[in-house]
Amino acid sequence: MATKALILPQIRVSHLSPPLPNTIEMMIRNDISATNFINFPRNFNKISRFVQQRTIFVASEQQQSNVEVSHSTSSQIKTQLYDALQGINRGIFGISSDKKFDIEELVKQLESQNPTFEPTLSLDKVAGNWKLIYSTIRILGSKRTKLGLRDFITLGDLYQNIDISQGKAVNVIKFNARGLSLLSGELRIEASFKIASKSRVDIFYNNSGITPDQLMNVFQKNYNLLLSIFNPEGWLEITYVDENLRIGRDDKGNIFVLERVN
């Protein structure tokens, strides 16, 4: 029987390993010719160093780009939040469920980009005067009627002053009484606070009062109800703070969004 010669198919290098990137191929063509192939180990080390340097450079570019995008996104979210808060009177007298959902989604997005990771260790960013622009505190139904906040009394601005040197916070709630020649007055609630963690403070009620006396007479009957709504006692988690905006969540499940004022 005749013996047939076996012809093995040619095996290309590309079948053994995937093609190298164009940059490396060019380096190989330029540096590793037939005359200097014996220097391949040295040239390979050069290629490896080039790839490592290029990888570090690209990673650095991407990291810088991510920081810029994050900053831009935070600014955009704040703009959207301010737009969403227009015309809702801080949400205290109720808003639609859709509006509430939209606002609190924006709040969550800001909290995820909090630039102050340990706010109680940077209390200088928390100190000073703030104005409430949104809260989940609600004055509805019989509570609003009892306090005369439907027609007789108008709820004005709500401020908070934080004195870190004294460990105190003063909440000021402004009112206007139409039936008393547009009498203006305020409820002041003073509280002290102690640091409980890197982001939380414990708050203790100290005292409160309403001025002038005429306005105190209006609220006298329902003073405990009024105080129960605005009393800050408990704990507060500072979830976001930058140079002009602060967000907090308390032990009662409430959200507070405040902007810095001079």
# chains A, B, ... in the order shown; residues from 1 in each chain; ligands from 1
$ residues_around --residues "A:Leu258" --least-positions-apart "3" --cutoff "9 Å" --atoms "only C-alpha atoms" --output "PDB file with C-alpha atoms, in the first residue's frame"
ATOM      1  CA  TRP A 130     -30.209  79.682  57.558  1.00  0.00           C
ATOM      2  CA  LYS A 131     -33.718  79.956  56.095  1.00  0.00           C
ATOM      3  CA  LEU A 132     -36.027  76.971  55.652  1.00  0.00           C
ATOM      4  CA  ILE A 133     -37.071  76.481  52.026  1.00  0.00           C
ATOM      5  CA  TYR A 134     -38.591  72.984  52.265  1.00  0.00           C
ATOM      6  CA  SER A 135     -39.756  70.626  54.977  1.00  0.00           C
ATOM      7  CA  TYR A 159     -35.022  80.912  60.257  1.00  0.00           C
ATOM      8  CA  GLN A 160     -32.362  79.042  62.159  1.00  0.00           C
ATOM      9  CA  ASN A 244     -25.086  77.825  50.652  1.00  0.00           C
ATOM     10  CA  LEU A 245     -27.351  74.789  51.095  1.00  0.00           C
ATOM     11  CA  ARG A 246     -27.963  72.329  53.924  1.00  0.00           C
ATOM     12  CA  ILE A 247     -30.139  69.208  54.167  1.00  0.00           C
ATOM     13  CA  GLY A 248     -31.028  67.310  57.325  1.00  0.00           C
TER      14      GLY A 248
END
$ closest_residue --among "A:Gly94, A:Thr145, A:Thr136, A:Leu215" --to "A:Lys174" --atoms "only C-alpha atoms"
A:Leu215
$ closest_residue --among "A:Ile173, A:Leu155, A:Ile77, A:Leu183" --to "A:Glu111" --atoms "only C-alpha atoms"
A:Ile77
$ select_by_dssp --residues "stretch 86-235 of chain A" --states "alpha helix (DSSP H)" --output "count of residues only"
36
$ residues_around --residues "A:Ile164" --least-positions-apart "5" --cutoff "10 Å" --atoms "only C-alpha atoms" --output "list in words"
Leu123, Asp124, Val126, Ala127, Gly128, Ala169, Ser192, Phe193 and Lys194 of chain A
$ closest_residue --among "A:Gln76, A:Asp163, A:Ser199, A:Glu190" --to "A:Pro119" --atoms "only C-alpha atoms"
A:Ser199
$ closest_residue --among "A:Lys125, A:Arg200, A:Lys221, A:Lys78" --to "A:Gln113" --atoms "only C-alpha atoms"
A:Lys78
$ atom_distance --atom1 "atom CA of A:Val218" --atom2 "atom CA of A:Tyr205"
22.9 Å
$ residues_around --residues "stretch 228-235 of chain A" --least-positions-apart "3" --cutoff "12 Å" --atoms "only C-alpha atoms" --output "JSON, numbers by chain"
{"A": [92, 135, 136, 137, 138, 139, 140, 143, 144, 147, 158, 159, 160, 168, 169, 170, 171, 172, 173, 174, 187, 188, 189, 190, 191, 192, 193, 194, 195, 196, 197, 199, 200, 201, 202, 203, 204, 205, 206, 207, 208, 209, 222, 223, 224, 225, 238, 248, 249, 250, 251, 252, 253, 254, 256]}
